[in-house]
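Structure first, commentary second.
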Amino acid sequence: MVIRMNNMFLYIVIGICMLAPYLRAEVVVNEVLANEPGGSVTLEWIELYNDADESALLDGYRLQVGIKSIYLDEVGTIDAKGFLVICRRLFTEGGSPGFEKEWGDNSGFWGDTDFEMILPEPVEASFSLTNSAGSVELYDATDQLISQLVWSESGADGYSWERIHSTSDDIHQSADIRGSTPGEINSVTPVARDLDIGVVKVQPKPSGATFILTIFNAGTNTVTEATLHLVDIGFESEGLVPDTLEVIFVEAIPPGELVAMERTLSLSGTYTVVEATLSDDDCLSNNRIEIILPGVEFPPLILTEVLANPTNGFQCEWIEILNRSETNIDLFGCQFGDSVALRQITTEPYDVLPGEYVVLAHDTAEFLDYYPLFDGIVIEPPSWATFNNSTPDIVRLIDQFGFVLDRFSYHRTFDNNYTWSRDEQTILDPEWSSAENRGGTPGEVNDIYFGPTGNRVGIMIEPRVFSPDGDGIDETVIIDVEAPSDQEYEMKIFDVQGRVVFDFERVRDENEWDGRNNSGERLPIGIYIVYLEVIGGESVKETVVIAR
């Protein structure tokens, strides 16, 4: 019996020794900001965390960063479940920012804000962290390695590396919108109740916008009775009172599950910022997002004219856009392009006034040489997306938020520098056709040519016999044309010897001929043949007589 008691005592002693590392204060390297925001090396910092229920005395502890040792004898203790930040610079000095500027109130004093009062004053130390790869090691008073945080890539600028849990060596980049969480539970650490909100897609609609929100349960417990608030906080508007749009009750979400919610909102203006906020849980950093949504006046910019096939010695492609909104629209960040690639419009801010046209030209000098009377706005983008001539292509216009402002698909181009021109009064499904005149109308309201329409190819002439002799009777003949609107066609007049005497440059539903040739000379009396051909397709001909 005595022997058994001694053995039991021995087992207890051994067990206590084995559990000692878990019973004492557990201090870990919890978070490291190596790739500091803005490239300022003075903003690097290291965070220690005490995961124990009792304070930890740091006498004899040291941090090892490369060959640099940082001794913590002067630090004292870390409170139970407390944090300690070791930074390269605490206060801004000589133009070099300090920790208190970026994560405090930049007053030059620590402890005068709520956050500064919660986090003990950071400790300054001399060290240098490598962005691309590195490690920070923590040794205790016996020179035993007790914690290590290792990273192998730079990650995003201004985002820290966070330990997932104090007992795990796994790290991830901070998921906090601020980029880091000094003095707080790491954003990647699972907590009991933690819903994470995100945006999957925003789609402009004629009545506003449709968007999809995702809510992910990143916590360890099922979350019930959560609410989602949608609030209109305006767009670049000062003094606007936020307007609650909707309060959504979120059904129970088990751990690790994702819920998607689709909503359509009709919002005023061109753009609006909607704030989506989840009810409070154990991790507040991922409970709120701001979404830029198109309003009922979207799009503010539209495509109005395109010259994709410059000819006759002119080699400058150009497109025209119009600000149809009632506010100035900045082109900085906007893009244009074809079906393959997008290009920046401008590398610096440029406001387009309401009702103003802007021409984007491949070569400004050549454009102005061809249009000497042009007195509008022409911009030459840094690079150009060349548009197809003989094959179909798409002209795209994208805003600074990635929304498609406008797009125009064409299946052919025109010769003689006739542009594709748009009916500017129609926003949804607009009608495009050739410009009425060569060169189009850059900087002005479009003058559009509309050709024949119909399901067949036909000609009707009235009168069949006319007498262009100057007496005011039957001086001209009217040639009505029927032809498919999506085809190219040409119409000519031949004499009985088969010679072309007159070309119609533009074929219309109703065409007038005064009996003259291409040189403006009166033709003699006789029989003439009107010939209409759909390019690559059907053709018809009818006769007409010039009499005196």
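Residue numbering restarts at 1 for every chain of the structure tokens, chains are lettered A, B, ... in their displayed order, and ligands are numbered from 1 as they appear.
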
Practice task
Write out as a ChimeraX atom specification which residues come within 12 Å of Leu149 (chain A) when counting only C-alpha atoms, dropping same-chain ones fewer than 3 positions away.
Solution key: /A:28-34,46-48,63-65,133-138,145-146,152,160-172

Based on the selection just made, write C-alpha atoms of those residues as a PDB file, in the first residue's frame.
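Contents of the output file selection37.pdb:
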```pdb
ATOM      1  CA  VAL A  28       3.384  34.014 -28.301  1.00  0.00           C
ATOM      2  CA  VAL A  29       4.472  36.115 -31.254  1.00  0.00           C
ATOM      3  CA  ASN A  30       0.931  36.873 -32.339  1.00  0.00           C
ATOM      4  CA  GLU A  31       1.113  39.339 -35.230  1.00  0.00           C
ATOM      5  CA  VAL A  32       3.811  40.921 -37.388  1.00  0.00           C
ATOM      6  CA  LEU A  33       3.590  43.878 -39.780  1.00  0.00           C
ATOM      7  CA  ALA A  34       6.544  43.439 -42.097  1.00  0.00           C
ATOM      8  CA  ILE A  46       5.653  42.983 -33.664  1.00  0.00           C
ATOM      9  CA  GLU A  47       2.802  42.024 -31.342  1.00  0.00           C
ATOM     10  CA  LEU A  48       3.058  39.614 -28.392  1.00  0.00           C
ATOM     11  CA  LEU A  63      12.965  38.477 -29.417  1.00  0.00           C
ATOM     12  CA  GLN A  64      15.203  37.343 -32.242  1.00  0.00           C
ATOM     13  CA  VAL A  65      14.811  39.044 -35.650  1.00  0.00           C
ATOM     14  CA  ALA A 133      10.244  36.216 -46.084  1.00  0.00           C
ATOM     15  CA  GLY A 134      11.302  36.221 -42.477  1.00  0.00           C
ATOM     16  CA  SER A 135      10.657  35.122 -38.934  1.00  0.00           C
ATOM     17  CA  VAL A 136      10.353  36.483 -35.409  1.00  0.00           C
ATOM     18  CA  GLU A 137      11.351  34.156 -32.552  1.00  0.00           C
ATOM     19  CA  LEU A 138      10.593  34.497 -28.841  1.00  0.00           C
ATOM     20  CA  LEU A 145      12.374  28.932 -28.050  1.00  0.00           C
ATOM     21  CA  ILE A 146       8.738  29.217 -27.008  1.00  0.00           C
ATOM     22  CA  SER A 152       7.365  33.262 -46.791  1.00  0.00           C
ATOM     23  CA  SER A 160      -0.023  42.090 -41.275  1.00  0.00           C
ATOM     24  CA  TRP A 161       0.563  38.368 -40.721  1.00  0.00           C
ATOM     25  CA  GLU A 162      -1.723  37.068 -37.983  1.00  0.00           C
ATOM     26  CA  ARG A 163      -1.542  33.827 -36.015  1.00  0.00           C
ATOM     27  CA  ILE A 164      -4.813  31.895 -36.333  1.00  0.00           C
ATOM     28  CA  HIS A 165      -4.651  30.736 -32.712  1.00  0.00           C
ATOM     29  CA  SER A 166      -2.109  30.974 -29.929  1.00  0.00           C
ATOM     30  CA  THR A 167      -1.645  27.184 -29.969  1.00  0.00           C
ATOM     31  CA  SER A 168      -1.228  26.982 -33.752  1.00  0.00           C
ATOM     32  CA  ASP A 169       1.690  27.857 -36.008  1.00  0.00           C
ATOM     33  CA  ASP A 170      -0.664  28.625 -38.927  1.00  0.00           C
ATOM     34  CA  ILE A 171      -0.730  32.242 -40.039  1.00  0.00           C
ATOM     35  CA  HIS A 172      -2.763  34.227 -42.542  1.00  0.00           C
TER      36      HIS A 172
END
```

DSSP on the backbone: which residues in region 7-109 of chain A end up as helix (DSSP H, G or I)? Give the answer as a short mmCIF file (atom, residue, chain, number, x, y, z; two decimals) with N, CA and C atoms, in the first residue's frame.
```
data_model
loop_
_atom_site.label_atom_id
_atom_site.label_comp_id
_atom_site.auth_asym_id
_atom_site.auth_seq_id
_atom_site.Cartn_x
_atom_site.Cartn_y
_atom_site.Cartn_z
N ASN A 7 4.23 5.35 -5.67
CA ASN A 7 4.14 5.35 -7.14
C ASN A 7 3.13 6.39 -7.63
N MET A 8 2.01 6.45 -6.95
CA MET A 8 0.98 7.42 -7.33
C MET A 8 1.52 8.84 -7.20
N PHE A 9 2.26 9.08 -6.12
CA PHE A 9 2.85 10.40 -5.92
C PHE A 9 3.83 10.72 -7.05
N LEU A 10 4.60 9.69 -7.45
CA LEU A 10 5.57 9.89 -8.53
C LEU A 10 4.86 10.23 -9.83
N TYR A 11 3.76 9.50 -10.08
CA TYR A 11 3.01 9.76 -11.31
C TYR A 11 2.45 11.19 -11.32
N ILE A 12 1.98 11.64 -10.17
CA ILE A 12 1.43 12.99 -10.08
C ILE A 12 2.50 14.04 -10.35
N VAL A 13 3.70 13.81 -9.75
CA VAL A 13 4.81 14.74 -9.95
C VAL A 13 5.20 14.81 -11.42
N ILE A 14 5.28 13.61 -12.04
CA ILE A 14 5.65 13.57 -13.47
C ILE A 14 4.59 14.28 -14.30
N GLY A 15 3.31 14.04 -13.95
CA GLY A 15 2.23 14.68 -14.70
C GLY A 15 2.26 16.18 -14.58
N ILE A 16 2.53 16.67 -13.39
CA ILE A 16 2.61 18.11 -13.18
C ILE A 16 3.74 18.71 -14.02
N CYS A 17 4.89 17.99 -14.04
CA CYS A 17 6.03 18.47 -14.82
C CYS A 17 5.69 18.51 -16.31
N MET A 18 4.95 17.47 -16.75
CA MET A 18 4.58 17.42 -18.16
C MET A 18 3.59 18.53 -18.52
N LEU A 19 2.72 18.91 -17.58
CA LEU A 19 1.72 19.93 -17.85
C LEU A 19 2.23 21.34 -17.61
N ALA A 20 3.42 21.45 -17.01
CA ALA A 20 3.93 22.76 -16.63
C ALA A 20 3.94 23.78 -17.76
N PRO A 21 4.40 23.40 -18.98
CA PRO A 21 4.40 24.40 -20.06
C PRO A 21 3.02 24.95 -20.37
N TYR A 22 1.95 24.17 -20.11
CA TYR A 22 0.60 24.61 -20.41
C TYR A 22 -0.02 25.37 -19.26
N LEU A 23 0.49 25.17 -18.05
CA LEU A 23 -0.06 25.84 -16.89
C LEU A 23 0.55 27.22 -16.68
N PRO A 37 2.44 49.83 -44.39
CA PRO A 37 1.67 50.65 -45.32
C PRO A 37 2.49 51.81 -45.86
N GLY A 38 2.42 52.00 -47.18
CA GLY A 38 3.09 53.14 -47.78
C GLY A 38 4.58 53.00 -47.92
N GLY A 39 5.16 51.88 -47.54
CA GLY A 39 6.59 51.66 -47.71
C GLY A 39 7.46 52.34 -46.67
N VAL A 41 9.45 52.25 -43.50
CA VAL A 41 10.02 51.20 -42.65
C VAL A 41 9.83 51.50 -41.16
N THR A 42 9.55 52.74 -40.81
CA THR A 42 9.38 53.08 -39.39
C THR A 42 8.05 52.58 -38.83
N LEU A 43 7.20 52.03 -39.69
CA LEU A 43 5.89 51.53 -39.24
C LEU A 43 5.88 50.02 -39.02
N PHE A 99 4.11 54.66 -34.95
CA PHE A 99 2.97 53.78 -34.69
C PHE A 99 1.76 54.58 -34.22
N GLU A 100 1.99 55.58 -33.39
CA GLU A 100 0.88 56.34 -32.82
C GLU A 100 0.18 57.20 -33.86
N LYS A 101 0.85 57.53 -34.96
CA LYS A 101 0.20 58.28 -36.04
C LYS A 101 -0.75 57.38 -36.80
N GLU A 102 -0.31 56.15 -37.11
CA GLU A 102 -1.09 55.25 -37.96
C GLU A 102 -2.21 54.55 -37.18
N TRP A 103 -1.95 54.22 -35.91
CA TRP A 103 -2.92 53.43 -35.14
C TRP A 103 -3.44 54.17 -33.91
#
```

Handout entry: Counting only C-alpha atoms, the residue of A:Lys541, A:His362, A:Arg522, A:Arg343 that sits nearest Ile319 (chain A)
Key =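 Checking each of A:Lys541, A:His362, A:Arg522, A:Arg343 against Ile319 (chain A), counting only C-alpha atoms, the winner is A:His362.
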
Exercise for the section: Would you mind listing what lies within 7 Å of region 492-501 of chain A as a VMD selection string, with only C-alpha atoms counted and same-chain residues fewer than 2 positions away left out? Expected result: chain A and resid 490 503 to 504 517 to 518 527 to 532

How about saving the chosen residues, N, CA and C atoms kept, as a PDB file, in the first residue's frame?
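Written out: result18.pdb:
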```
ATOM      1  N   GLU A 490     -25.916  49.228-103.037  1.00  0.00           N
ATOM      2  CA  GLU A 490     -25.554  50.366-103.856  1.00  0.00           C
ATOM      3  C   GLU A 490     -26.551  50.473-105.010  1.00  0.00           C
ATOM      4  N   ASP A 503     -24.195  57.710-109.808  1.00  0.00           N
ATOM      5  CA  ASP A 503     -24.109  56.876-108.594  1.00  0.00           C
ATOM      6  C   ASP A 503     -24.851  57.571-107.462  1.00  0.00           C
ATOM      7  N   PHE A 504     -25.682  56.816-106.753  1.00  0.00           N
ATOM      8  CA  PHE A 504     -26.290  57.321-105.522  1.00  0.00           C
ATOM      9  C   PHE A 504     -25.323  57.023-104.364  1.00  0.00           C
ATOM     10  N   ASN A 517     -25.867  63.667-114.788  1.00  0.00           N
ATOM     11  CA  ASN A 517     -24.842  62.662-114.540  1.00  0.00           C
ATOM     12  C   ASN A 517     -24.011  63.061-113.327  1.00  0.00           C
ATOM     13  N   ASN A 518     -22.957  62.271-113.057  1.00  0.00           N
ATOM     14  CA  ASN A 518     -22.125  62.511-111.859  1.00  0.00           C
ATOM     15  C   ASN A 518     -21.402  63.853-111.914  1.00  0.00           C
ATOM     16  N   ILE A 527     -33.724  56.030-122.815  1.00  0.00           N
ATOM     17  CA  ILE A 527     -34.056  55.048-121.782  1.00  0.00           C
ATOM     18  C   ILE A 527     -32.832  54.845-120.883  1.00  0.00           C
ATOM     19  N   TYR A 528     -33.075  54.835-119.573  1.00  0.00           N
ATOM     20  CA  TYR A 528     -32.004  54.600-118.599  1.00  0.00           C
ATOM     21  C   TYR A 528     -32.426  53.473-117.645  1.00  0.00           C
ATOM     22  N   ILE A 529     -31.446  52.807-117.093  1.00  0.00           N
ATOM     23  CA  ILE A 529     -31.692  51.640-116.242  1.00  0.00           C
ATOM     24  C   ILE A 529     -31.263  51.967-114.809  1.00  0.00           C
ATOM     25  N   VAL A 530     -32.191  51.802-113.865  1.00  0.00           N
ATOM     26  CA  VAL A 530     -31.895  51.961-112.433  1.00  0.00           C
ATOM     27  C   VAL A 530     -31.580  50.570-111.877  1.00  0.00           C
ATOM     28  N   TYR A 531     -30.363  50.438-111.330  1.00  0.00           N
ATOM     29  CA  TYR A 531     -29.894  49.119-110.873  1.00  0.00           C
ATOM     30  C   TYR A 531     -29.594  49.176-109.369  1.00  0.00           C
ATOM     31  N   LEU A 532     -30.268  48.309-108.583  1.00  0.00           N
ATOM     32  CA  LEU A 532     -30.052  48.223-107.130  1.00  0.00           C
ATOM     33  C   LEU A 532     -29.490  46.845-106.792  1.00  0.00           C
TER      34      LEU A 532
END
```

Exercise for the section: Just the residues within 10 Å of Asn328 (chain A), please, counting only C-alpha atoms, with nothing from its chain fewer than 4 positions along; format it as a count of residues only. Expected result: 10

Problem - Those of region 15-172 of chain A in DSSP strand (DSSP E), formatted as number ranges by chain - result: A: 27-33, 45-50, 56-57, 62-65, 68-71, 77-78, 83-87, 123-124, 134-139, 145-151, 161-163, 171-172

Problem - For Tyr271 (chain A), the nearest of the candidates A:Tyr357, A:Tyr370, A:Phe403, A:Phe387, counting only C-alpha atoms - result: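 Under the stated criterion, the closest residue is A:Phe403.
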
Practice task
Determine, counting only C-alpha atoms, which protein, DNA and RNA residues have an atom within 7 Å of an atom of Glu124 (chain A); residues of the same chain fewer than 3 positions away are not included. Present the result as a ChimeraX atom specification.
Solution key: /A:86-90

Store the residues of this selection in a file with all heavy atoms, as a PDB file, in the first residue's frame.
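Written file, out25.pdb:
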```
ATOM      1  N   ILE A  86       5.787  45.830 -29.952  1.00  0.00           N
ATOM      2  CA  ILE A  86       7.164  46.323 -30.057  1.00  0.00           C
ATOM      3  C   ILE A  86       7.284  46.955 -31.433  1.00  0.00           C
ATOM      4  O   ILE A  86       7.113  46.270 -32.456  1.00  0.00           O
ATOM      5  CB  ILE A  86       8.203  45.200 -29.885  1.00  0.00           C
ATOM      6  CG1 ILE A  86       8.125  44.616 -28.473  1.00  0.00           C
ATOM      7  CG2 ILE A  86       9.602  45.726 -30.139  1.00  0.00           C
ATOM      8  CD1 ILE A  86       7.250  43.405 -28.359  1.00  0.00           C
ATOM      9  N   CYS A  87       7.535  48.252 -31.488  1.00  0.00           N
ATOM     10  CA  CYS A  87       7.535  48.980 -32.769  1.00  0.00           C
ATOM     11  C   CYS A  87       8.887  49.634 -33.016  1.00  0.00           C
ATOM     12  O   CYS A  87       9.683  49.844 -32.099  1.00  0.00           O
ATOM     13  CB  CYS A  87       6.435  50.032 -32.782  1.00  0.00           C
ATOM     14  SG  CYS A  87       6.580  51.293 -31.506  1.00  0.00           S
ATOM     15  N   ARG A  88       9.133  49.953 -34.274  1.00  0.00           N
ATOM     16  CA  ARG A  88      10.389  50.626 -34.615  1.00  0.00           C
ATOM     17  C   ARG A  88      10.362  52.094 -34.207  1.00  0.00           C
ATOM     18  O   ARG A  88      11.386  52.669 -33.874  1.00  0.00           O
ATOM     19  CB  ARG A  88      10.670  50.505 -36.107  1.00  0.00           C
ATOM     20  CG  ARG A  88      11.034  49.095 -36.533  1.00  0.00           C
ATOM     21  CD  ARG A  88      11.572  49.047 -37.947  1.00  0.00           C
ATOM     22  NE  ARG A  88      12.768  49.850 -38.111  1.00  0.00           N
ATOM     23  CZ  ARG A  88      13.524  49.841 -39.208  1.00  0.00           C
ATOM     24  NH1 ARG A  88      13.176  49.076 -40.234  1.00  0.00           N
ATOM     25  NH2 ARG A  88      14.597  50.596 -39.305  1.00  0.00           N
ATOM     26  N   ARG A  89       9.185  52.716 -34.313  1.00  0.00           N
ATOM     27  CA  ARG A  89       9.066  54.107 -33.893  1.00  0.00           C
ATOM     28  C   ARG A  89       7.680  54.309 -33.337  1.00  0.00           C
ATOM     29  O   ARG A  89       6.683  53.983 -33.986  1.00  0.00           O
ATOM     30  CB  ARG A  89       9.327  55.059 -35.058  1.00  0.00           C
ATOM     31  CG  ARG A  89       9.133  56.528 -34.708  1.00  0.00           C
ATOM     32  CD  ARG A  89       9.799  57.423 -35.707  1.00  0.00           C
ATOM     33  NE  ARG A  89      11.248  57.273 -35.646  1.00  0.00           N
ATOM     34  CZ  ARG A  89      12.095  57.803 -36.532  1.00  0.00           C
ATOM     35  NH1 ARG A  89      11.628  58.520 -37.524  1.00  0.00           N
ATOM     36  NH2 ARG A  89      13.396  57.606 -36.416  1.00  0.00           N
ATOM     37  N   LEU A  90       7.571  54.896 -32.152  1.00  0.00           N
ATOM     38  CA  LEU A  90       6.274  55.094 -31.518  1.00  0.00           C
ATOM     39  C   LEU A  90       5.618  56.391 -31.979  1.00  0.00           C
ATOM     40  O   LEU A  90       4.461  56.403 -32.374  1.00  0.00           O
ATOM     41  CB  LEU A  90       6.419  55.098 -29.995  1.00  0.00           C
ATOM     42  CG  LEU A  90       5.129  55.347 -29.189  1.00  0.00           C
ATOM     43  CD1 LEU A  90       4.023  54.381 -29.587  1.00  0.00           C
ATOM     44  CD2 LEU A  90       5.422  55.268 -27.690  1.00  0.00           C
TER      45      LEU A  90
END
```

Problem - Long-range neighbours of Asp73 (chain A) as a PyMOL selection string, 12 Å cut-off, only C-alpha atoms, 4 positions minimum in chain - result: chain A and resi 57-63+77+123+140-141
